[in-house]
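Printed here is work.cif (mmCIF, C-alpha atoms):
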data_coords
#
loop_
_atom_site.label_atom_id
_atom_site.label_comp_id
_atom_site.auth_asym_id
_atom_site.auth_seq_id
_atom_site.Cartn_x
_atom_site.Cartn_y
_atom_site.Cartn_z
CA MET A 30 -88.31 -9.17 7.48
CA THR A 31 -90.87 -11.90 8.28
CA GLY A 32 -90.30 -14.54 10.95
CA GLY A 33 -89.77 -17.25 8.32
CA ALA A 34 -87.19 -15.23 6.40
CA LEU A 35 -85.44 -14.28 9.64
CA GLY A 36 -85.31 -17.97 10.61
CA LYS A 37 -83.66 -18.86 7.29
CA VAL A 38 -81.06 -16.14 7.74
CA LYS A 39 -80.37 -17.32 11.29
CA GLU A 40 -79.97 -20.90 10.06
CA LEU A 41 -77.42 -19.79 7.47
CA TYR A 42 -75.33 -17.88 10.01
CA GLU A 43 -75.65 -20.21 13.00
CA GLY A 44 -76.92 -23.58 11.70
CA HIS A 45 -74.99 -26.83 11.26
CA SER A 46 -76.29 -27.98 7.87
CA ASP A 47 -74.04 -28.40 4.84
CA ARG A 48 -75.74 -25.40 3.29
CA ALA A 49 -74.96 -23.26 6.34
CA HIS A 50 -71.30 -24.36 6.33
CA ARG A 51 -70.98 -23.58 2.61
CA PHE A 52 -72.56 -20.16 3.18
CA ARG A 53 -70.21 -19.29 6.04
CA TYR A 54 -67.16 -20.42 4.06
CA GLY A 55 -68.42 -18.23 1.24
CA LEU A 56 -68.43 -15.30 3.67
CA LEU A 57 -64.90 -16.18 4.76
CA ALA A 58 -63.80 -16.27 1.12
CA PHE A 59 -65.38 -12.83 0.66
CA ASP A 60 -63.44 -11.56 3.70
CA VAL A 61 -60.18 -12.86 2.18
CA VAL A 62 -60.94 -11.23 -1.19
CA THR A 63 -61.81 -7.95 0.54
CA ILE A 64 -58.55 -7.94 2.51
CA LEU A 65 -56.52 -8.73 -0.62
CA PHE A 66 -58.34 -5.91 -2.42
CA VAL A 67 -57.46 -3.52 0.42
CA ILE A 68 -53.80 -4.52 0.14
CA ALA A 69 -53.66 -4.30 -3.65
CA THR A 70 -55.42 -0.94 -4.00
CA SER A 71 -53.44 0.65 -1.16
CA PHE A 72 -50.49 0.94 -3.54
CA THR A 73 -52.39 2.30 -6.55
CA SER A 74 -54.36 5.36 -7.59
CA HIS A 75 -58.12 5.07 -7.26
CA GLY A 76 -59.84 5.46 -10.62
CA PRO A 77 -63.52 4.98 -11.51
CA ILE A 78 -63.26 1.18 -11.71
CA VAL A 79 -61.74 0.93 -8.22
CA GLU A 80 -64.46 3.24 -6.86
CA ILE A 81 -67.19 1.05 -8.39
CA VAL A 82 -65.63 -2.05 -6.82
CA ASP A 83 -65.37 -0.08 -3.55
CA MET A 84 -69.10 0.51 -3.56
CA ILE A 85 -69.89 -3.11 -4.42
CA PHE A 86 -67.80 -4.28 -1.47
CA GLY A 87 -69.41 -1.65 0.73
CA VAL A 88 -72.94 -2.76 -0.15
CA CYS A 89 -72.06 -6.43 0.43
CA ILE A 90 -70.47 -5.70 3.80
CA LEU A 91 -73.48 -3.58 4.75
CA ALA A 92 -75.88 -6.41 3.83
CA ASP A 93 -73.85 -8.94 5.86
CA PHE A 94 -73.69 -6.55 8.82
CA ALA A 95 -77.44 -5.87 8.70
CA ALA A 96 -78.22 -9.62 8.56
CA ARG A 97 -76.00 -10.36 11.56
CA LEU A 98 -77.56 -7.46 13.47
CA LEU A 99 -81.10 -8.72 12.76
CA ILE A 100 -80.45 -12.22 14.13
CA GLU A 101 -78.47 -11.00 17.15
CA ARG A 102 -80.24 -11.39 20.50
CA ASN A 103 -78.34 -8.61 22.25
CA ARG A 104 -77.97 -5.98 19.54
CA LEU A 105 -76.35 -3.36 21.75
CA ARG A 106 -73.56 -5.73 22.74
CA PHE A 107 -73.16 -6.70 19.08
CA LEU A 108 -72.77 -3.06 18.04
CA ILE A 109 -70.00 -2.33 20.54
CA ARG A 110 -67.87 -5.37 19.69
CA PRO A 111 -64.47 -4.38 18.17
CA VAL A 112 -65.13 -6.40 14.99
CA SER A 113 -68.57 -4.79 14.58
CA LEU A 114 -67.10 -1.31 15.04
CA ALA A 115 -64.42 -2.16 12.48
CA ASP A 116 -67.12 -3.33 10.07
CA MET A 117 -69.08 -0.09 10.49
CA VAL A 118 -65.98 1.99 9.81
CA SER A 119 -65.15 -0.20 6.80
CA ILE A 120 -68.66 0.24 5.39
CA VAL A 121 -68.32 4.02 5.58
CA SER A 122 -64.86 3.89 3.99
CA PHE A 123 -65.96 1.70 1.08
CA LEU A 124 -69.06 3.82 0.42
CA ALA A 125 -67.20 7.13 0.81
CA PRO A 126 -67.05 7.77 -2.98
CA LEU A 127 -70.85 8.13 -2.93
CA ALA A 128 -70.40 11.29 -0.87
CA GLY A 129 -67.66 12.68 -3.10
CA GLU A 130 -63.90 12.88 -2.75
CA GLY A 131 -64.31 14.97 0.40
CA LEU A 132 -64.61 11.71 2.30
CA GLY A 133 -61.94 9.94 0.31
CA PHE A 134 -59.54 10.07 3.28
CA LEU A 135 -61.71 7.42 4.93
CA ARG A 136 -60.13 4.84 2.64
CA VAL A 137 -57.23 4.58 5.07
CA VAL A 138 -59.44 3.27 7.87
CA ARG A 139 -60.51 0.25 5.84
CA THR A 140 -57.31 -1.35 7.13
CA LEU A 141 -59.44 -2.14 10.18
CA ARG A 142 -61.01 -4.78 7.94
CA PHE A 143 -57.96 -6.86 8.88
CA LEU A 144 -59.66 -7.49 12.24
CA ARG A 145 -61.98 -9.82 10.31
CA THR A 146 -59.06 -12.20 9.87
CA TYR A 147 -59.51 -13.21 13.51
CA HIS A 148 -62.99 -14.44 12.60
CA LEU A 149 -61.44 -16.33 9.69
CA MET A 150 -58.83 -17.93 11.94
CA ALA A 151 -61.46 -18.98 14.50
CA ARG A 152 -63.49 -20.75 11.81
CA LEU A 153 -60.42 -22.51 10.37
CA ARG A 154 -59.33 -23.69 13.82
CA GLN A 155 -62.78 -25.11 14.40
CA ASP A 156 -63.04 -26.99 11.12
CA ILE A 157 -59.49 -27.93 10.05
CA PRO A 158 -57.15 -30.04 12.23
CA PHE A 159 -54.02 -28.49 10.67
CA PHE A 160 -54.96 -25.05 12.00
CA ARG A 161 -55.81 -26.47 15.42
CA ARG A 162 -52.42 -28.17 15.57
CA TYR A 163 -50.50 -25.00 14.77
CA GLN A 164 -52.92 -22.44 16.15
CA ASP A 165 -50.32 -20.63 18.30
CA GLU A 166 -48.07 -20.11 15.28
CA PHE A 167 -50.93 -18.89 13.09
CA VAL A 168 -52.30 -16.55 15.77
CA ALA A 169 -48.84 -15.04 16.42
CA ALA A 170 -48.30 -14.46 12.68
CA LEU A 171 -51.80 -13.02 12.33
CA ASN A 172 -51.28 -10.62 15.25
CA LEU A 173 -48.11 -9.30 13.63
CA LEU A 174 -49.69 -9.01 10.16
CA VAL A 175 -52.76 -7.15 11.44
CA PHE A 176 -50.60 -4.81 13.51
CA VAL A 177 -48.34 -3.98 10.55
CA PHE A 178 -51.19 -3.11 8.18
CA VAL A 179 -53.27 -1.20 10.74
CA MET A 180 -50.23 0.86 11.77
CA THR A 181 -49.39 1.40 8.09
CA GLY A 182 -52.86 2.84 7.59
CA LEU A 183 -52.45 5.05 10.67
CA VAL A 184 -49.07 6.33 9.46
CA TYR A 185 -50.55 7.13 6.05
CA ALA A 186 -53.63 8.84 7.57
CA THR A 187 -51.60 11.11 9.84
CA GLN A 188 -48.60 11.87 7.60
CA HIS A 189 -49.76 11.91 3.97
CA GLY A 190 -49.97 15.47 2.67
CA ARG A 191 -48.03 16.78 5.65
CA ASN A 192 -44.83 14.74 5.42
CA PRO A 193 -42.97 14.84 2.07
CA ASP A 194 -41.41 11.44 2.89
CA ILE A 195 -44.83 9.72 2.94
CA GLY A 196 -46.16 9.85 -0.61
CA ASN A 197 -48.06 6.55 -0.73
CA TYR A 198 -48.89 3.38 1.18
CA ALA A 199 -45.59 1.81 0.15
CA ASP A 200 -43.72 4.57 2.00
CA SER A 201 -45.92 4.03 5.06
CA LEU A 202 -45.38 0.27 4.96
CA TYR A 203 -41.63 0.74 4.53
CA PHE A 204 -41.44 3.01 7.57
CA THR A 205 -43.60 0.67 9.67
CA VAL A 206 -41.42 -2.36 8.90
CA THR A 207 -38.12 -0.55 9.46
CA ALA A 208 -39.39 0.90 12.75
CA LEU A 209 -40.80 -2.46 13.87
CA THR A 210 -37.49 -4.23 13.22
CA THR A 211 -35.59 -1.26 14.78
CA THR A 212 -33.47 -1.11 11.61
CA GLY A 213 -33.93 2.65 11.53
CA PHE A 214 -32.39 3.68 8.20
CA GLY A 215 -33.47 7.25 8.90
CA ASP A 216 -34.50 8.06 5.31
CA ILE A 217 -38.14 8.35 6.45
CA THR A 218 -39.12 9.90 9.76
CA LEU A 219 -42.54 10.92 11.10
CA GLN A 220 -43.11 14.56 11.87
CA GLY A 221 -44.57 16.16 14.98
CA SER A 222 -45.32 14.83 18.44
CA LEU A 223 -48.02 12.50 17.09
CA GLY A 224 -45.55 11.05 14.59
CA ARG A 225 -43.01 10.38 17.32
CA LEU A 226 -45.69 8.74 19.46
CA ILE A 227 -46.72 6.49 16.57
CA SER A 228 -43.06 5.55 16.07
CA VAL A 229 -42.78 4.56 19.73
CA VAL A 230 -45.95 2.43 19.52
CA VAL A 231 -44.71 0.68 16.37
CA MET A 232 -41.33 -0.10 17.93
CA ILE A 233 -42.57 -1.29 21.33
CA PHE A 234 -45.60 -3.31 20.27
CA GLY A 235 -44.14 -4.41 16.94
CA VAL A 236 -40.97 -5.84 18.48
CA THR A 237 -43.07 -7.58 21.14
CA LEU A 238 -45.26 -9.24 18.50
CA PHE A 239 -42.22 -10.15 16.39
CA LEU A 240 -40.50 -11.80 19.37
CA ARG A 241 -43.71 -13.66 20.21
CA LEU A 242 -43.79 -15.07 16.67
CA ALA A 243 -40.15 -16.13 16.92
CA GLN A 244 -40.84 -17.76 20.28
CA VAL A 245 -43.67 -19.95 19.05
CA LEU A 246 -41.79 -20.88 15.87
CA PHE A 247 -38.62 -22.07 17.59
CA ARG A 248 -39.89 -23.51 20.86
CA PRO A 249 -40.42 -27.30 21.12
CA THR A 250 -43.64 -28.25 19.35
CA LYS A 251 -46.54 -28.80 21.73
CA VAL A 252 -50.13 -29.93 21.34
CA ARG A 253 -53.17 -28.71 23.21
CA GLU A 254 -54.63 -31.48 25.35
CA THR A 255 -56.02 -30.48 28.72
CA CYS A 256 -55.17 -32.84 31.56
CA ARG A 257 -58.35 -33.83 33.38
CA SER A 258 -56.52 -34.01 36.70
CA CYS A 259 -54.53 -30.78 36.92
CA GLY A 260 -55.66 -28.75 33.89
CA LEU A 261 -52.26 -28.43 32.15
CA SER A 262 -53.12 -27.70 28.53
CA LEU A 263 -49.82 -28.00 26.58
CA HIS A 264 -48.03 -31.34 26.23
CA ASP A 265 -45.38 -32.92 24.04
CA ARG A 266 -46.79 -34.64 20.95
CA ASP A 267 -45.74 -38.09 22.14
CA ALA A 268 -46.66 -37.59 25.81
CA VAL A 269 -48.45 -40.44 27.58
CA HIS A 270 -48.45 -38.93 31.08
CA CYS A 271 -48.99 -35.35 32.18
CA LYS A 272 -45.59 -33.92 33.13
CA HIS A 273 -47.21 -31.86 35.87
CA CYS A 274 -49.20 -34.45 37.80
CA GLY A 275 -48.35 -37.76 36.12
CA ALA A 276 -51.93 -38.61 35.14
CA LEU A 277 -52.58 -40.56 31.96
CA ILE A 278 -53.53 -38.43 28.98
CA HIS A 279 -54.91 -39.51 25.62
CA ILE A 280 -53.62 -37.28 22.83
CA GLU A 281 -55.23 -37.87 19.46
CA THR A 282 -52.45 -38.28 16.91
CA GLU A 283 -51.98 -39.43 13.34
CA GLY A 284 -48.54 -40.82 14.22
CA LEU A 285 -46.63 -38.02 12.46
CA GLY A 286 -43.46 -36.78 14.10
#

Can you dump the structure from the file as structure tokens?
Amino acid sequence: MTGGALGKVKELYEGHSDRAHRFRYGLLAFDVVTILFVIATSFTSHGPIVEIVDMIFGVCILADFAARLLIERNRLRFLIRPVSLADMVSIVSFLAPLAGEGLGFLRVVRTLRFLRTYHLMARLRQDIPFFRRYQDEFVAALNLLVFVFVMTGLVYATQHGRNPDIGNYADSLYFTVTALTTTGFGDITLQGSLGRLISVVVMIFGVTLFLRLAQVLFRPTKVRETCRSCGLSLHDRDAVHCKHCGALIHIETEGLG
């Protein structure tokens, strides 16, 4: 790629023009569509049409990944980032049909594509006041959602074909949700030591994330406004003084609530 072409790509990914913003929101829309596709096809059989769409997504993700790698200053650090590793695994999983059904099991790891939702949330918080105002609630819900679908993929990958109770993604999702909520109907259980370990992880971390979501939903609503005197970052919406040090604070508000 020539220097001029590389500069144009860099401007699209990192620039502040209207064109760059439209391009990045287009990428975010693609991420959303990809995630919805992962959810929808996880409950269905994978025929020729789904495999063709798989490959189209895989090629698009590969092109996006290659572009971001080219403009990155520290490429080694870029390659070892969790989101980059998730992208690489997703690329392999989407392109697996090209290598035959022998690699079809890699479809389960495309649930790691859910890690891209953190990139989506960061962009929305930056550009939309509504997401900034309720960022704790959205992040807590996102953490729980990502955990549920990643663990569902892990349950399916380790139990399908070995456990007669896990016949599809719906069974895996059902087990994950019942284990997370500690409902424990007992109609589906994971087999082996690995299955028991996965169950423990789902229950411990899942309940923790669920309680965190409940906490941010039902606690008194706060806004993020860092006090210049003491550094306290959370204040009541109608606060005039910092409750920690008493200094004046200036919270931007539209007068709602």

**Asked** CA of Gln188 (chain A) and CA of Phe239 (chain A) are how many Å apart?
**Response**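 Interatomic distance here is 24.6 Å.
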
**Request:** Rounded to one decimal place, report the CA of Phe66 (chain A)-CA of Ser119 (chain A) distance in Å.
**Result:**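 Between CA of Phe66 (chain A) and CA of Ser119 (chain A) the gap works out to 12.8 Å.
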
**Long-range neighbours of region 160-165 of chain A as a list of chain:residue names, 7 Å cut-off, only C-alpha atoms, 6 positions minimum in chain** =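 In the requested format, the answer is A:Leu153, A:Arg154, A:Val245, A:Val252.
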
**Message:** the PyMOL selection byres ((chain A and resi 212-218) around 10) - which residues does that actually catch in the file I just gave you? List them as a PyMOL selection string.
**Reply:** chain A and resi 188+192-195+200-201+203-211+219-221+224-225+228

**Request:** Work out how far apart CA of His45 (chain A) and CA of Ala58 (chain A) are and give it in Å to one decimal.
**Result:**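 Going from CA of His45 (chain A) over to CA of Ala58 (chain A) covers 18.4 Å.
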
**Message:** I'd like the residues picked by the PyMOL selection byres ((chain A and resi 97) around 10) written out as a PyMOL selection string, using the chain letters and numbers from the file.
**Reply:** chain A and resi 38-39+42-43+91-96+98-102+104+107+113

Could the residues in this selection be written to a file with C-alpha atoms, as an mmCIF file, in the frame of the given file?
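result-v8.cif, freshly written:
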data_model
loop_
_atom_site.group_PDB
_atom_site.id
_atom_site.type_symbol
_atom_site.label_atom_id
_atom_site.label_comp_id
_atom_site.auth_asym_id
_atom_site.auth_seq_id
_atom_site.Cartn_x
_atom_site.Cartn_y
_atom_site.Cartn_z
ATOM 1 C CA VAL A 38 -81.060 -16.140 7.740
ATOM 2 C CA LYS A 39 -80.370 -17.320 11.290
ATOM 3 C CA TYR A 42 -75.330 -17.880 10.010
ATOM 4 C CA GLU A 43 -75.650 -20.210 13.000
ATOM 5 C CA LEU A 91 -73.480 -3.580 4.750
ATOM 6 C CA ALA A 92 -75.880 -6.410 3.830
ATOM 7 C CA ASP A 93 -73.850 -8.940 5.860
ATOM 8 C CA PHE A 94 -73.690 -6.550 8.820
ATOM 9 C CA ALA A 95 -77.440 -5.870 8.700
ATOM 10 C CA ALA A 96 -78.220 -9.620 8.560
ATOM 11 C CA LEU A 98 -77.560 -7.460 13.470
ATOM 12 C CA LEU A 99 -81.100 -8.720 12.760
ATOM 13 C CA ILE A 100 -80.450 -12.220 14.130
ATOM 14 C CA GLU A 101 -78.470 -11.000 17.150
ATOM 15 C CA ARG A 102 -80.240 -11.390 20.500
ATOM 16 C CA ARG A 104 -77.970 -5.980 19.540
ATOM 17 C CA PHE A 107 -73.160 -6.700 19.080
ATOM 18 C CA SER A 113 -68.570 -4.790 14.580
#

**Prompt:** So which residues are close to (-49.5, -10.8, 18.9), meaning at most 7 Å away in the file's coordinates with all atoms listed in the file counted, and can you show them as a list in words?
**Reply:**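 Checked against the point, the hits come out as Ala169, Asn172, Leu173, Leu238 and Arg241 of chain A.
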
Please supply region 155-166 of chain A, rebuilt with all heavy atoms, as a short mmCIF file (atom, residue, chain, number, x, y, z; two decimals), in the coordinates of the input.
data_model
loop_
_atom_site.label_atom_id
_atom_site.label_comp_id
_atom_site.auth_asym_id
_atom_site.auth_seq_id
_atom_site.Cartn_x
_atom_site.Cartn_y
_atom_site.Cartn_z
N GLN A 155 -61.65 -24.26 14.04
CA GLN A 155 -62.78 -25.11 14.40
C GLN A 155 -62.96 -26.26 13.42
O GLN A 155 -63.29 -27.38 13.83
CB GLN A 155 -64.06 -24.27 14.47
CG GLN A 155 -65.30 -25.07 14.84
CD GLN A 155 -66.54 -24.20 14.90
OE1 GLN A 155 -66.45 -22.98 15.05
NE2 GLN A 155 -67.70 -24.79 14.78
N ASP A 156 -62.70 -26.01 12.15
CA ASP A 156 -63.04 -26.99 11.12
C ASP A 156 -61.86 -27.79 10.58
O ASP A 156 -62.07 -28.87 10.02
CB ASP A 156 -63.75 -26.29 9.94
CG ASP A 156 -65.11 -25.72 10.34
OD1 ASP A 156 -65.62 -26.13 11.39
OD2 ASP A 156 -65.63 -24.88 9.59
N ILE A 157 -60.64 -27.28 10.70
CA ILE A 157 -59.49 -27.93 10.05
C ILE A 157 -58.44 -28.30 11.10
O ILE A 157 -57.90 -27.42 11.78
CB ILE A 157 -58.87 -26.99 8.99
CG1 ILE A 157 -59.94 -26.62 7.93
CG2 ILE A 157 -57.68 -27.66 8.32
CD1 ILE A 157 -59.45 -25.66 6.89
N PRO A 158 -58.13 -29.59 11.23
CA PRO A 158 -57.15 -30.04 12.23
C PRO A 158 -55.79 -29.37 12.10
O PRO A 158 -55.12 -29.12 13.11
CB PRO A 158 -57.06 -31.55 11.98
CG PRO A 158 -58.37 -31.91 11.35
CD PRO A 158 -58.74 -30.72 10.52
N PHE A 159 -55.34 -29.10 10.87
CA PHE A 159 -54.02 -28.49 10.67
C PHE A 159 -53.92 -27.15 11.40
O PHE A 159 -52.89 -26.85 12.02
CB PHE A 159 -53.78 -28.29 9.17
CG PHE A 159 -52.47 -27.61 8.85
CD1 PHE A 159 -51.30 -28.32 8.87
CD2 PHE A 159 -52.44 -26.27 8.53
CE1 PHE A 159 -50.09 -27.70 8.57
CE2 PHE A 159 -51.25 -25.63 8.23
CZ PHE A 159 -50.07 -26.35 8.25
N PHE A 160 -54.97 -26.34 11.33
CA PHE A 160 -54.96 -25.05 12.00
C PHE A 160 -55.05 -25.19 13.51
O PHE A 160 -54.48 -24.38 14.25
CB PHE A 160 -56.09 -24.16 11.47
CG PHE A 160 -55.83 -23.59 10.11
CD1 PHE A 160 -56.24 -24.26 8.96
CD2 PHE A 160 -55.14 -22.40 9.96
CE1 PHE A 160 -55.98 -23.74 7.70
CE2 PHE A 160 -54.87 -21.88 8.71
CZ PHE A 160 -55.29 -22.54 7.57
N ARG A 161 -55.76 -26.22 13.98
CA ARG A 161 -55.81 -26.47 15.42
C ARG A 161 -54.44 -26.88 15.93
O ARG A 161 -54.02 -26.49 17.02
CB ARG A 161 -56.84 -27.56 15.74
CG ARG A 161 -58.27 -27.10 15.63
CD ARG A 161 -59.19 -28.04 16.40
NE ARG A 161 -59.14 -29.40 15.88
CZ ARG A 161 -59.91 -29.84 14.90
NH1 ARG A 161 -60.76 -29.02 14.29
NH2 ARG A 161 -59.84 -31.10 14.49
N ARG A 162 -53.72 -27.68 15.15
CA ARG A 162 -52.42 -28.17 15.57
C ARG A 162 -51.40 -27.04 15.68
O ARG A 162 -50.54 -27.04 16.57
CB ARG A 162 -51.93 -29.22 14.57
CG ARG A 162 -50.57 -29.83 14.90
CD ARG A 162 -50.17 -30.85 13.85
NE ARG A 162 -51.16 -31.92 13.72
CZ ARG A 162 -51.15 -32.82 12.75
NH1 ARG A 162 -50.23 -32.75 11.79
NH2 ARG A 162 -52.06 -33.77 12.70
N TYR A 163 -51.47 -26.09 14.77
CA TYR A 163 -50.50 -25.00 14.77
C TYR A 163 -51.16 -23.65 15.06
O TYR A 163 -50.72 -22.62 14.55
CB TYR A 163 -49.80 -24.94 13.40
CG TYR A 163 -49.02 -26.19 13.07
CD1 TYR A 163 -49.52 -27.13 12.17
CD2 TYR A 163 -47.79 -26.46 13.67
CE1 TYR A 163 -48.81 -28.28 11.87
CE2 TYR A 163 -47.08 -27.61 13.38
CZ TYR A 163 -47.60 -28.52 12.47
OH TYR A 163 -46.89 -29.66 12.18
N GLN A 164 -52.16 -23.66 15.93
CA GLN A 164 -52.92 -22.44 16.15
C GLN A 164 -52.07 -21.34 16.79
O GLN A 164 -52.25 -20.15 16.47
CB GLN A 164 -54.16 -22.72 17.00
CG GLN A 164 -53.90 -23.20 18.40
CD GLN A 164 -55.20 -23.33 19.18
OE1 GLN A 164 -56.08 -22.48 19.10
NE2 GLN A 164 -55.34 -24.40 19.94
N ASP A 165 -51.15 -21.67 17.68
CA ASP A 165 -50.32 -20.63 18.30
C ASP A 165 -49.47 -19.93 17.25
O ASP A 165 -49.33 -18.70 17.28
CB ASP A 165 -49.43 -21.25 19.37
CG ASP A 165 -50.21 -21.68 20.60
OD1 ASP A 165 -51.34 -21.18 20.77
OD2 ASP A 165 -49.70 -22.51 21.37
N GLU A 166 -48.90 -20.70 16.33
CA GLU A 166 -48.07 -20.11 15.28
C GLU A 166 -48.90 -19.21 14.36
O GLU A 166 -48.48 -18.09 14.02
CB GLU A 166 -47.40 -21.21 14.44
CG GLU A 166 -46.30 -21.97 15.17
CD GLU A 166 -46.85 -23.11 16.03
OE1 GLU A 166 -48.09 -23.19 16.22
OE2 GLU A 166 -46.04 -23.93 16.51
#
